Amino acid sequence: MRCFQQILVALMLWSWLIVPSASSAQGAAGSEPLHVVAFGDSLVAGYGVGPGEAFPEQLQVALRERGYGVEVTNAGVSGDTTTGGLARLDWSVPESTDLVIVELGANDALRGVSPEITEKNLDQILQTLTERRQAVILAGMIAPPNMGPDYSAAFNPIYSGLAEKYDVAFYPFFLDGVAAQPELNQDDAMHPNKEGVAAIVEKMLPLVTETLDSVNAGRGAGRNSPPDAAAAR
């Protein structure tokens with residue numbers, strides 16, 4: 001009997017050593033999942049791709065495969081501009097959201113919206129989110145060449161400037177590595193196909209995981225402050 005008890009105690013001690021604690025394991029069973037909202041236009045909404053192939057869905061799969069307990073909500077609206085995004089911000093992005101990926105501005109550039117208006121709208125969006133103490137990744141956009149050098153010179157720096165102003169994580173170009181690659185885009189040469197979305201997710205994933213790690217660290221420390229964006233760039 002004593003031998004059996006010794007074996008039982010040894011097994012219990014061994015199980016405590018090999019099973020990670022809920023506080024240290026990403027996505028541990030029973031822990032509250034992190035809520036991510038992808039807030040953008042057709043590039044987020046999944047224009048032209050099938051069910052489960054849009055950016056938020058592919059990002060959620062990739063994060064869960066890496067052990068992150070997350071739910072990624074698709075808050076993309078095809079055709080949306082920064083003006084439309086600002087108007088729907090309060091009902092598209094709940095205040096309980098842990099991380100917001102902001103991807104807006106492509107339609108502003110395509111329609112020739114004044115860069116001053118685009119900057120003002122994005123500024124208000126970031127101000128609202130940071131005042132809520134939510135983590136943010138700002139995804140940049142680049143004006144199409146046909147808009148001319150003057151427009152590009154005014155439009156393109158908007159994103160880096162606002163990311164610095166609000167100290168949020170910055171991904172310089174949402175379509176990095178996908179734009180102008182025929183095999184990664186649909187026939188319109190503007191919207192990524194399934195493989196193009198996967199390429200965006202793969203390139204953006206390190207920044208997303210770094211930012212989520214900062215959010216998790218804040219949770220573990222019991223803080224209500226936003227994560228250190230400078231460390232997640």
# chains A, B, ... in the order shown; residues from 1 in each chain; ligands from 1
>>> residues_around(residues="stretch 32-49 of chain A", least_positions_apart="4", cutoff="9 Å", atoms="only C-alpha atoms", output="PDB file with C-alpha atoms, in the first residue's frame")
ATOM      1  CA  GLY A  27      -5.513  30.107 -24.939  1.00  0.00           C
ATOM      2  CA  ALA A  28      -5.597  27.918 -21.850  1.00  0.00           C
ATOM      3  CA  GLU A  53     -11.214  32.771 -46.611  1.00  0.00           C
ATOM      4  CA  ALA A  54     -11.387  36.438 -45.588  1.00  0.00           C
ATOM      5  CA  PHE A  55      -8.613  38.089 -43.593  1.00  0.00           C
ATOM      6  CA  PRO A  56     -10.292  37.867 -40.144  1.00  0.00           C
ATOM      7  CA  GLN A  60      -8.119  33.539 -36.401  1.00  0.00           C
ATOM      8  CA  TYR A  68      -3.682  31.874 -28.956  1.00  0.00           C
ATOM      9  CA  GLY A  69      -7.196  31.763 -27.565  1.00  0.00           C
ATOM     10  CA  VAL A  70      -8.775  34.422 -29.748  1.00  0.00           C
ATOM     11  CA  GLU A  71     -11.968  35.352 -31.502  1.00  0.00           C
ATOM     12  CA  VAL A  72     -11.469  37.559 -34.548  1.00  0.00           C
ATOM     13  CA  THR A  73     -14.536  39.495 -35.662  1.00  0.00           C
ATOM     14  CA  ASN A  74     -14.979  40.616 -39.247  1.00  0.00           C
ATOM     15  CA  ALA A  75     -15.990  44.296 -39.114  1.00  0.00           C
ATOM     16  CA  GLY A  76     -15.187  44.986 -42.742  1.00  0.00           C
ATOM     17  CA  VAL A  77     -17.637  46.753 -45.054  1.00  0.00           C
ATOM     18  CA  SER A  78     -17.005  46.682 -48.798  1.00  0.00           C
ATOM     19  CA  GLY A  79     -16.725  50.158 -50.278  1.00  0.00           C
ATOM     20  CA  ASP A  80     -16.208  51.799 -46.916  1.00  0.00           C
ATOM     21  CA  THR A  81     -14.180  54.986 -46.615  1.00  0.00           C
ATOM     22  CA  THR A  82     -12.626  56.487 -43.510  1.00  0.00           C
ATOM     23  CA  GLY A  85     -15.693  53.847 -40.771  1.00  0.00           C
ATOM     24  CA  LEU A  89     -17.066  52.922 -35.160  1.00  0.00           C
ATOM     25  CA  SER A  92     -18.755  48.066 -35.121  1.00  0.00           C
ATOM     26  CA  VAL A  93     -16.094  47.904 -32.399  1.00  0.00           C
ATOM     27  CA  PRO A  94     -17.350  47.008 -28.907  1.00  0.00           C
ATOM     28  CA  SER A  96     -14.761  45.158 -24.698  1.00  0.00           C
ATOM     29  CA  THR A  97     -12.475  44.550 -27.697  1.00  0.00           C
ATOM     30  CA  ASP A  98      -8.861  43.747 -26.760  1.00  0.00           C
ATOM     31  CA  LEU A  99      -7.227  44.540 -30.103  1.00  0.00           C
ATOM     32  CA  VAL A 100      -8.471  46.532 -33.099  1.00  0.00           C
ATOM     33  CA  ILE A 101      -6.806  46.205 -36.491  1.00  0.00           C
ATOM     34  CA  VAL A 102      -7.672  49.374 -38.395  1.00  0.00           C
ATOM     35  CA  GLU A 103      -7.531  49.014 -42.192  1.00  0.00           C
ATOM     36  CA  LEU A 104      -9.192  51.955 -43.932  1.00  0.00           C
ATOM     37  CA  GLY A 105      -8.310  54.494 -46.584  1.00  0.00           C
ATOM     38  CA  ALA A 106      -7.981  52.521 -49.812  1.00  0.00           C
ATOM     39  CA  ASN A 107     -11.345  53.753 -51.074  1.00  0.00           C
ATOM     40  CA  PHE A 174      -1.693  46.147 -45.665  1.00  0.00           C
ATOM     41  CA  LEU A 175      -1.120  44.729 -49.180  1.00  0.00           C
ATOM     42  CA  GLN A 186      -8.489  38.402 -58.253  1.00  0.00           C
ATOM     43  CA  HIS A 191      -8.593  42.488 -54.235  1.00  0.00           C
ATOM     44  CA  PRO A 192      -6.503  39.571 -52.964  1.00  0.00           C
ATOM     45  CA  ASN A 193      -7.643  36.026 -53.622  1.00  0.00           C
ATOM     46  CA  LYS A 194      -7.532  33.268 -51.015  1.00  0.00           C
ATOM     47  CA  VAL A 197      -5.139  36.845 -48.038  1.00  0.00           C
ATOM     48  CA  LEU A 212      -1.444  40.145 -28.284  1.00  0.00           C
ATOM     49  CA  VAL A 215      -2.264  42.555 -24.124  1.00  0.00           C
ATOM     50  CA  ASN A 216      -1.862  39.249 -22.283  1.00  0.00           C
TER      51      ASN A 216
END
>>> select_by_dssp(residues="chain A", states="strand (DSSP E)", output="mmCIF file with all heavy atoms, in the first residue's frame")
data_model
loop_
_atom_site.group_PDB
_atom_site.id
_atom_site.type_symbol
_atom_site.label_atom_id
_atom_site.label_comp_id
_atom_site.auth_asym_id
_atom_site.auth_seq_id
_atom_site.Cartn_x
_atom_site.Cartn_y
_atom_site.Cartn_z
ATOM 1 N N LEU A 34 -9.227 36.262 -26.060
ATOM 2 C CA LEU A 34 -8.989 37.633 -26.474
ATOM 3 C C LEU A 34 -9.893 37.954 -27.659
ATOM 4 O O LEU A 34 -10.092 37.127 -28.548
ATOM 5 C CB LEU A 34 -7.522 37.823 -26.866
ATOM 6 C CG LEU A 34 -6.497 37.719 -25.736
ATOM 7 C CD1 LEU A 34 -5.090 37.622 -26.316
ATOM 8 C CD2 LEU A 34 -6.602 38.907 -24.807
ATOM 9 N N HIS A 35 -10.429 39.153 -27.679
ATOM 10 C CA HIS A 35 -11.326 39.569 -28.752
ATOM 11 C C HIS A 35 -10.613 40.550 -29.660
ATOM 12 O O HIS A 35 -10.203 41.626 -29.230
ATOM 13 C CB HIS A 35 -12.597 40.198 -28.172
ATOM 14 C CG HIS A 35 -13.615 40.537 -29.223
ATOM 15 N ND1 HIS A 35 -14.619 41.463 -29.029
ATOM 16 C CD2 HIS A 35 -13.773 40.072 -30.494
ATOM 17 C CE1 HIS A 35 -15.344 41.544 -30.136
ATOM 18 N NE2 HIS A 35 -14.851 40.722 -31.036
ATOM 19 N N VAL A 36 -10.457 40.155 -30.914
ATOM 20 C CA VAL A 36 -9.827 40.994 -31.927
ATOM 21 C C VAL A 36 -10.888 41.405 -32.935
ATOM 22 O O VAL A 36 -11.699 40.581 -33.364
ATOM 23 C CB VAL A 36 -8.684 40.237 -32.646
ATOM 24 C CG1 VAL A 36 -8.051 41.107 -33.718
ATOM 25 C CG2 VAL A 36 -7.645 39.760 -31.648
ATOM 26 N N VAL A 37 -10.894 42.674 -33.322
ATOM 27 C CA VAL A 37 -11.797 43.152 -34.361
ATOM 28 C C VAL A 37 -10.966 43.670 -35.527
ATOM 29 O O VAL A 37 -10.098 44.537 -35.347
ATOM 30 C CB VAL A 37 -12.732 44.264 -33.852
ATOM 31 C CG1 VAL A 37 -13.515 44.888 -35.022
ATOM 32 C CG2 VAL A 37 -13.707 43.710 -32.825
ATOM 33 N N ALA A 38 -11.208 43.118 -36.715
ATOM 34 C CA ALA A 38 -10.600 43.635 -37.943
ATOM 35 C C ALA A 38 -11.583 44.638 -38.536
ATOM 36 O O ALA A 38 -12.663 44.264 -39.009
ATOM 37 C CB ALA A 38 -10.312 42.507 -38.917
ATOM 38 N N PHE A 39 -11.222 45.904 -38.485
ATOM 39 C CA PHE A 39 -12.113 47.007 -38.811
ATOM 40 C C PHE A 39 -11.635 47.659 -40.102
ATOM 41 O O PHE A 39 -10.601 48.324 -40.122
ATOM 42 C CB PHE A 39 -12.090 48.007 -37.639
ATOM 43 C CG PHE A 39 -12.959 49.214 -37.800
ATOM 44 C CD1 PHE A 39 -14.325 49.100 -37.954
ATOM 45 C CD2 PHE A 39 -12.401 50.487 -37.764
ATOM 46 C CE1 PHE A 39 -15.132 50.229 -38.072
ATOM 47 C CE2 PHE A 39 -13.191 51.617 -37.881
ATOM 48 C CZ PHE A 39 -14.561 51.487 -38.042
ATOM 49 N N GLY A 40 -12.367 47.422 -41.190
ATOM 50 C CA GLY A 40 -11.877 47.947 -42.453
ATOM 51 C C GLY A 40 -12.897 47.922 -43.568
ATOM 52 O O GLY A 40 -14.109 47.945 -43.344
ATOM 53 N N VAL A 70 -8.253 33.172 -29.218
ATOM 54 C CA VAL A 70 -8.775 34.422 -29.748
ATOM 55 C C VAL A 70 -10.069 34.207 -30.516
ATOM 56 O O VAL A 70 -10.343 33.115 -31.015
ATOM 57 C CB VAL A 70 -7.771 35.120 -30.699
ATOM 58 C CG1 VAL A 70 -6.500 35.521 -29.967
ATOM 59 C CG2 VAL A 70 -7.452 34.233 -31.889
ATOM 60 N N GLU A 71 -10.843 35.271 -30.588
ATOM 61 C CA GLU A 71 -11.968 35.352 -31.502
ATOM 62 C C GLU A 71 -11.765 36.606 -32.341
ATOM 63 O O GLU A 71 -11.642 37.706 -31.799
ATOM 64 C CB GLU A 71 -13.292 35.433 -30.738
ATOM 65 C CG GLU A 71 -13.640 34.162 -29.976
ATOM 66 C CD GLU A 71 -14.960 34.267 -29.231
ATOM 67 O OE1 GLU A 71 -15.599 35.348 -29.323
ATOM 68 O OE2 GLU A 71 -15.341 33.300 -28.562
ATOM 69 N N VAL A 72 -11.696 36.431 -33.646
ATOM 70 C CA VAL A 72 -11.469 37.559 -34.548
ATOM 71 C C VAL A 72 -12.770 37.872 -35.276
ATOM 72 O O VAL A 72 -13.302 37.029 -35.998
ATOM 73 C CB VAL A 72 -10.348 37.262 -35.560
ATOM 74 C CG1 VAL A 72 -10.097 38.491 -36.433
ATOM 75 C CG2 VAL A 72 -9.069 36.849 -34.842
ATOM 76 N N THR A 73 -13.278 39.070 -35.071
ATOM 77 C CA THR A 73 -14.536 39.495 -35.662
ATOM 78 C C THR A 73 -14.286 40.262 -36.954
ATOM 79 O O THR A 73 -13.397 41.113 -37.024
ATOM 80 C CB THR A 73 -15.319 40.402 -34.691
ATOM 81 O OG1 THR A 73 -15.644 39.653 -33.523
ATOM 82 C CG2 THR A 73 -16.602 40.916 -35.328
ATOM 83 N N ASN A 74 -15.073 39.936 -37.964
ATOM 84 C CA ASN A 74 -14.979 40.616 -39.247
ATOM 85 C C ASN A 74 -15.869 41.855 -39.221
ATOM 86 O O ASN A 74 -17.095 41.764 -39.305
ATOM 87 C CB ASN A 74 -15.411 39.680 -40.381
ATOM 88 C CG ASN A 74 -15.141 40.267 -41.757
ATOM 89 O OD1 ASN A 74 -15.043 41.478 -41.932
ATOM 90 N ND2 ASN A 74 -15.022 39.394 -42.747
ATOM 91 N N ALA A 75 -15.263 43.032 -39.081
ATOM 92 C CA ALA A 75 -15.990 44.296 -39.114
ATOM 93 C C ALA A 75 -15.606 45.080 -40.364
ATOM 94 O O ALA A 75 -15.404 46.298 -40.325
ATOM 95 C CB ALA A 75 -15.712 45.113 -37.858
ATOM 96 N N GLY A 76 -15.486 44.353 -41.466
ATOM 97 C CA GLY A 76 -15.187 44.986 -42.742
ATOM 98 C C GLY A 76 -16.456 45.254 -43.525
ATOM 99 O O GLY A 76 -17.377 44.436 -43.517
ATOM 100 N N LEU A 99 -8.118 44.045 -29.048
ATOM 101 C CA LEU A 99 -7.227 44.540 -30.103
ATOM 102 C C LEU A 99 -8.060 44.896 -31.330
ATOM 103 O O LEU A 99 -8.900 44.113 -31.765
ATOM 104 C CB LEU A 99 -6.183 43.471 -30.472
ATOM 105 C CG LEU A 99 -5.344 43.731 -31.740
ATOM 106 C CD1 LEU A 99 -4.507 44.998 -31.582
ATOM 107 C CD2 LEU A 99 -4.451 42.526 -32.048
ATOM 108 N N VAL A 100 -7.796 46.086 -31.878
ATOM 109 C CA VAL A 100 -8.471 46.532 -33.099
ATOM 110 C C VAL A 100 -7.438 46.708 -34.197
ATOM 111 O O VAL A 100 -6.448 47.435 -34.026
ATOM 112 C CB VAL A 100 -9.214 47.868 -32.878
ATOM 113 C CG1 VAL A 100 -10.034 48.222 -34.123
ATOM 114 C CG2 VAL A 100 -10.106 47.800 -31.644
ATOM 115 N N ILE A 101 -7.642 46.021 -35.315
ATOM 116 C CA ILE A 101 -6.806 46.205 -36.491
ATOM 117 C C ILE A 101 -7.552 47.154 -37.420
ATOM 118 O O ILE A 101 -8.617 46.822 -37.942
ATOM 119 C CB ILE A 101 -6.518 44.866 -37.200
ATOM 120 C CG1 ILE A 101 -5.794 43.911 -36.246
ATOM 121 C CG2 ILE A 101 -5.687 45.089 -38.463
ATOM 122 C CD1 ILE A 101 -5.624 42.499 -36.793
ATOM 123 N N VAL A 102 -7.015 48.348 -37.593
ATOM 124 C CA VAL A 102 -7.672 49.374 -38.395
ATOM 125 C C VAL A 102 -7.090 49.361 -39.809
ATOM 126 O O VAL A 102 -5.897 49.609 -40.000
ATOM 127 C CB VAL A 102 -7.496 50.774 -37.763
ATOM 128 C CG1 VAL A 102 -8.164 51.833 -38.650
ATOM 129 C CG2 VAL A 102 -8.080 50.802 -36.353
ATOM 130 N N GLU A 103 -7.944 49.065 -40.781
ATOM 131 C CA GLU A 103 -7.531 49.014 -42.192
ATOM 132 C C GLU A 103 -8.552 49.807 -43.001
ATOM 133 O O GLU A 103 -9.590 49.279 -43.392
ATOM 134 C CB GLU A 103 -7.446 47.556 -42.660
ATOM 135 C CG GLU A 103 -7.072 47.386 -44.131
ATOM 136 C CD GLU A 103 -8.248 47.597 -45.078
ATOM 137 O OE1 GLU A 103 -9.321 46.984 -44.885
ATOM 138 O OE2 GLU A 103 -8.079 48.400 -46.016
ATOM 139 N N ALA A 135 -5.919 48.178 -27.452
ATOM 140 C CA ALA A 135 -4.734 48.016 -28.285
ATOM 141 C C ALA A 135 -5.124 48.183 -29.746
ATOM 142 O O ALA A 135 -6.210 47.772 -30.164
ATOM 143 C CB ALA A 135 -4.112 46.643 -28.058
ATOM 144 N N VAL A 136 -4.233 48.790 -30.527
ATOM 145 C CA VAL A 136 -4.517 49.086 -31.932
ATOM 146 C C VAL A 136 -3.325 48.710 -32.797
ATOM 147 O O VAL A 136 -2.176 48.953 -32.429
ATOM 148 C CB VAL A 136 -4.836 50.582 -32.146
ATOM 149 C CG1 VAL A 136 -5.050 50.887 -33.628
ATOM 150 C CG2 VAL A 136 -6.052 51.008 -31.336
ATOM 151 N N ILE A 137 -3.627 48.117 -33.948
ATOM 152 C CA ILE A 137 -2.651 48.007 -35.028
ATOM 153 C C ILE A 137 -3.205 48.817 -36.184
ATOM 154 O O ILE A 137 -4.309 48.549 -36.666
ATOM 155 C CB ILE A 137 -2.421 46.547 -35.470
ATOM 156 C CG1 ILE A 137 -1.761 45.735 -34.356
ATOM 157 C CG2 ILE A 137 -1.552 46.509 -36.735
ATOM 158 C CD1 ILE A 137 -1.595 44.260 -34.699
ATOM 159 N N LEU A 138 -2.457 49.825 -36.614
ATOM 160 C CA LEU A 138 -2.871 50.637 -37.753
ATOM 161 C C LEU A 138 -2.185 50.105 -39.005
ATOM 162 O O LEU A 138 -0.961 50.078 -39.088
ATOM 163 C CB LEU A 138 -2.501 52.105 -37.535
ATOM 164 C CG LEU A 138 -2.832 53.061 -38.685
ATOM 165 C CD1 LEU A 138 -4.336 53.087 -38.955
ATOM 166 C CD2 LEU A 138 -2.308 54.464 -38.392
ATOM 167 N N ALA A 139 -3.001 49.674 -39.971
ATOM 168 C CA ALA A 139 -2.474 49.167 -41.238
ATOM 169 C C ALA A 139 -2.470 50.290 -42.261
ATOM 170 O O ALA A 139 -3.511 50.898 -42.531
ATOM 171 C CB ALA A 139 -3.318 47.996 -41.732
ATOM 172 N N ALA A 169 0.793 50.325 -32.607
ATOM 173 C CA ALA A 169 1.560 49.451 -33.490
ATOM 174 C C ALA A 169 1.208 49.771 -34.942
ATOM 175 O O ALA A 169 0.060 50.061 -35.279
ATOM 176 C CB ALA A 169 1.258 47.992 -33.176
ATOM 177 N N PHE A 170 2.211 49.708 -35.814
ATOM 178 C CA PHE A 170 2.042 50.159 -37.199
ATOM 179 C C PHE A 170 2.522 49.098 -38.180
ATOM 180 O O PHE A 170 3.638 48.607 -38.090
ATOM 181 C CB PHE A 170 2.823 51.463 -37.400
ATOM 182 C CG PHE A 170 2.765 52.025 -38.797
ATOM 183 C CD1 PHE A 170 1.550 52.178 -39.447
ATOM 184 C CD2 PHE A 170 3.925 52.415 -39.445
ATOM 185 C CE1 PHE A 170 1.496 52.702 -40.738
ATOM 186 C CE2 PHE A 170 3.891 52.946 -40.726
ATOM 187 C CZ PHE A 170 2.666 53.094 -41.371
ATOM 188 N N TYR A 171 1.636 48.762 -39.110
ATOM 189 C CA TYR A 171 1.980 47.874 -40.231
ATOM 190 C C TYR A 171 1.928 48.735 -41.492
ATOM 191 O O TYR A 171 0.845 49.141 -41.919
ATOM 192 C CB TYR A 171 0.985 46.716 -40.308
ATOM 193 C CG TYR A 171 1.375 45.648 -41.302
ATOM 194 C CD1 TYR A 171 2.383 44.739 -40.997
ATOM 195 C CD2 TYR A 171 0.732 45.549 -42.533
ATOM 196 C CE1 TYR A 171 2.749 43.750 -41.907
ATOM 197 C CE2 TYR A 171 1.083 44.560 -43.439
ATOM 198 C CZ TYR A 171 2.096 43.669 -43.125
ATOM 199 O OH TYR A 171 2.457 42.688 -44.028
#
>>> closest_residue(among="A:Ala62, A:Ser31, A:Asp108, A:Ile142", to="A:Ala199", atoms="only C-alpha atoms")
A:Ala62
>>> atom_distance(atom1="atom CA of A:Phe173", atom2="atom CA of A:Thr130")
21.2 Å
>>> select_by_dssp(residues="stretch 152-193 of chain A", states="alpha helix (DSSP H)", output="VMD selection string")
chain A and resid 152 to 155 158 to 166
>>> write_last_selection(atoms="all heavy atoms", output="short mmCIF file (atom, residue, chain, number, x, y, z; two decimals), in the first residue's frame")
data_model
loop_
_atom_site.label_atom_id
_atom_site.label_comp_id
_atom_site.auth_asym_id
_atom_site.auth_seq_id
_atom_site.Cartn_x
_atom_site.Cartn_y
_atom_site.Cartn_z
N SER A 152 -0.06 61.46 -53.68
CA SER A 152 0.66 60.44 -52.93
C SER A 152 1.51 61.04 -51.82
O SER A 152 1.58 60.50 -50.71
CB SER A 152 1.57 59.62 -53.88
OG SER A 152 0.80 58.91 -54.83
N ALA A 153 2.14 62.17 -52.11
CA ALA A 153 3.00 62.82 -51.11
C ALA A 153 2.18 63.30 -49.91
O ALA A 153 2.70 63.36 -48.78
CB ALA A 153 3.73 64.00 -51.73
N ALA A 154 0.92 63.62 -50.14
CA ALA A 154 0.06 64.07 -49.04
C ALA A 154 -0.62 62.91 -48.34
O ALA A 154 -0.84 62.94 -47.12
CB ALA A 154 -1.00 65.05 -49.56
N PHE A 155 -0.94 61.85 -49.10
CA PHE A 155 -1.71 60.73 -48.56
C PHE A 155 -0.84 59.70 -47.84
O PHE A 155 -1.15 59.28 -46.71
CB PHE A 155 -2.48 60.04 -49.69
CG PHE A 155 -3.34 58.88 -49.26
CD1 PHE A 155 -4.66 59.08 -48.86
CD2 PHE A 155 -2.83 57.58 -49.24
CE1 PHE A 155 -5.45 58.01 -48.47
CE2 PHE A 155 -3.61 56.52 -48.83
CZ PHE A 155 -4.93 56.74 -48.45
N ILE A 158 0.29 59.77 -44.02
CA ILE A 158 -0.74 59.92 -42.99
C ILE A 158 -0.61 58.84 -41.91
O ILE A 158 -0.68 59.13 -40.72
CB ILE A 158 -2.14 59.86 -43.63
CG1 ILE A 158 -2.43 61.12 -44.44
CG2 ILE A 158 -3.22 59.65 -42.56
CD1 ILE A 158 -3.72 61.06 -45.24
N TYR A 159 -0.41 57.62 -42.35
CA TYR A 159 -0.49 56.48 -41.43
C TYR A 159 0.67 56.44 -40.45
O TYR A 159 0.45 56.25 -39.24
CB TYR A 159 -0.57 55.18 -42.25
CG TYR A 159 -1.82 55.11 -43.09
CD1 TYR A 159 -1.87 55.66 -44.36
CD2 TYR A 159 -2.98 54.52 -42.59
CE1 TYR A 159 -3.02 55.61 -45.13
CE2 TYR A 159 -4.14 54.46 -43.35
CZ TYR A 159 -4.16 55.01 -44.61
OH TYR A 159 -5.31 54.98 -45.36
N SER A 160 1.87 56.61 -40.94
CA SER A 160 3.03 56.60 -40.03
C SER A 160 2.96 57.76 -39.04
O SER A 160 3.30 57.60 -37.86
CB SER A 160 4.34 56.64 -40.82
OG SER A 160 4.41 57.82 -41.62
N GLY A 161 2.48 58.90 -39.52
CA GLY A 161 2.36 60.05 -38.63
C GLY A 161 1.37 59.84 -37.51
O GLY A 161 1.63 60.17 -36.35
N LEU A 162 0.21 59.24 -37.85
CA LEU A 162 -0.81 58.99 -36.82
C LEU A 162 -0.38 57.86 -35.88
O LEU A 162 -0.68 57.90 -34.68
CB LEU A 162 -2.14 58.65 -37.48
CG LEU A 162 -2.85 59.81 -38.17
CD1 LEU A 162 -4.10 59.33 -38.89
CD2 LEU A 162 -3.20 60.91 -37.17
N ALA A 163 0.30 56.85 -36.41
CA ALA A 163 0.79 55.77 -35.54
C ALA A 163 1.75 56.32 -34.51
O ALA A 163 1.72 55.93 -33.33
CB ALA A 163 1.46 54.69 -36.38
N GLU A 164 2.60 57.25 -34.93
CA GLU A 164 3.54 57.87 -33.99
C GLU A 164 2.81 58.76 -33.01
O GLU A 164 3.11 58.77 -31.80
CB GLU A 164 4.58 58.67 -34.76
CG GLU A 164 5.64 59.31 -33.87
CD GLU A 164 6.72 60.01 -34.66
OE1 GLU A 164 6.66 60.00 -35.92
OE2 GLU A 164 7.62 60.60 -34.03
N LYS A 165 1.83 59.52 -33.48
CA LYS A 165 1.09 60.44 -32.62
C LYS A 165 0.39 59.70 -31.49
O LYS A 165 0.42 60.16 -30.33
CB LYS A 165 0.06 61.21 -33.44
CG LYS A 165 -0.83 62.14 -32.62
CD LYS A 165 -1.83 62.88 -33.50
CE LYS A 165 -2.75 63.78 -32.67
NZ LYS A 165 -3.71 64.53 -33.52
N TYR A 166 -0.22 58.57 -31.81
CA TYR A 166 -0.99 57.84 -30.81
C TYR A 166 -0.24 56.65 -30.22
O TYR A 166 -0.79 55.91 -29.40
CB TYR A 166 -2.33 57.38 -31.42
CG TYR A 166 -3.28 58.53 -31.60
CD1 TYR A 166 -3.44 59.13 -32.84
CD2 TYR A 166 -4.00 59.04 -30.52
CE1 TYR A 166 -4.30 60.21 -33.02
CE2 TYR A 166 -4.86 60.12 -30.69
CZ TYR A 166 -5.01 60.70 -31.93
OH TYR A 166 -5.86 61.77 -32.09
#
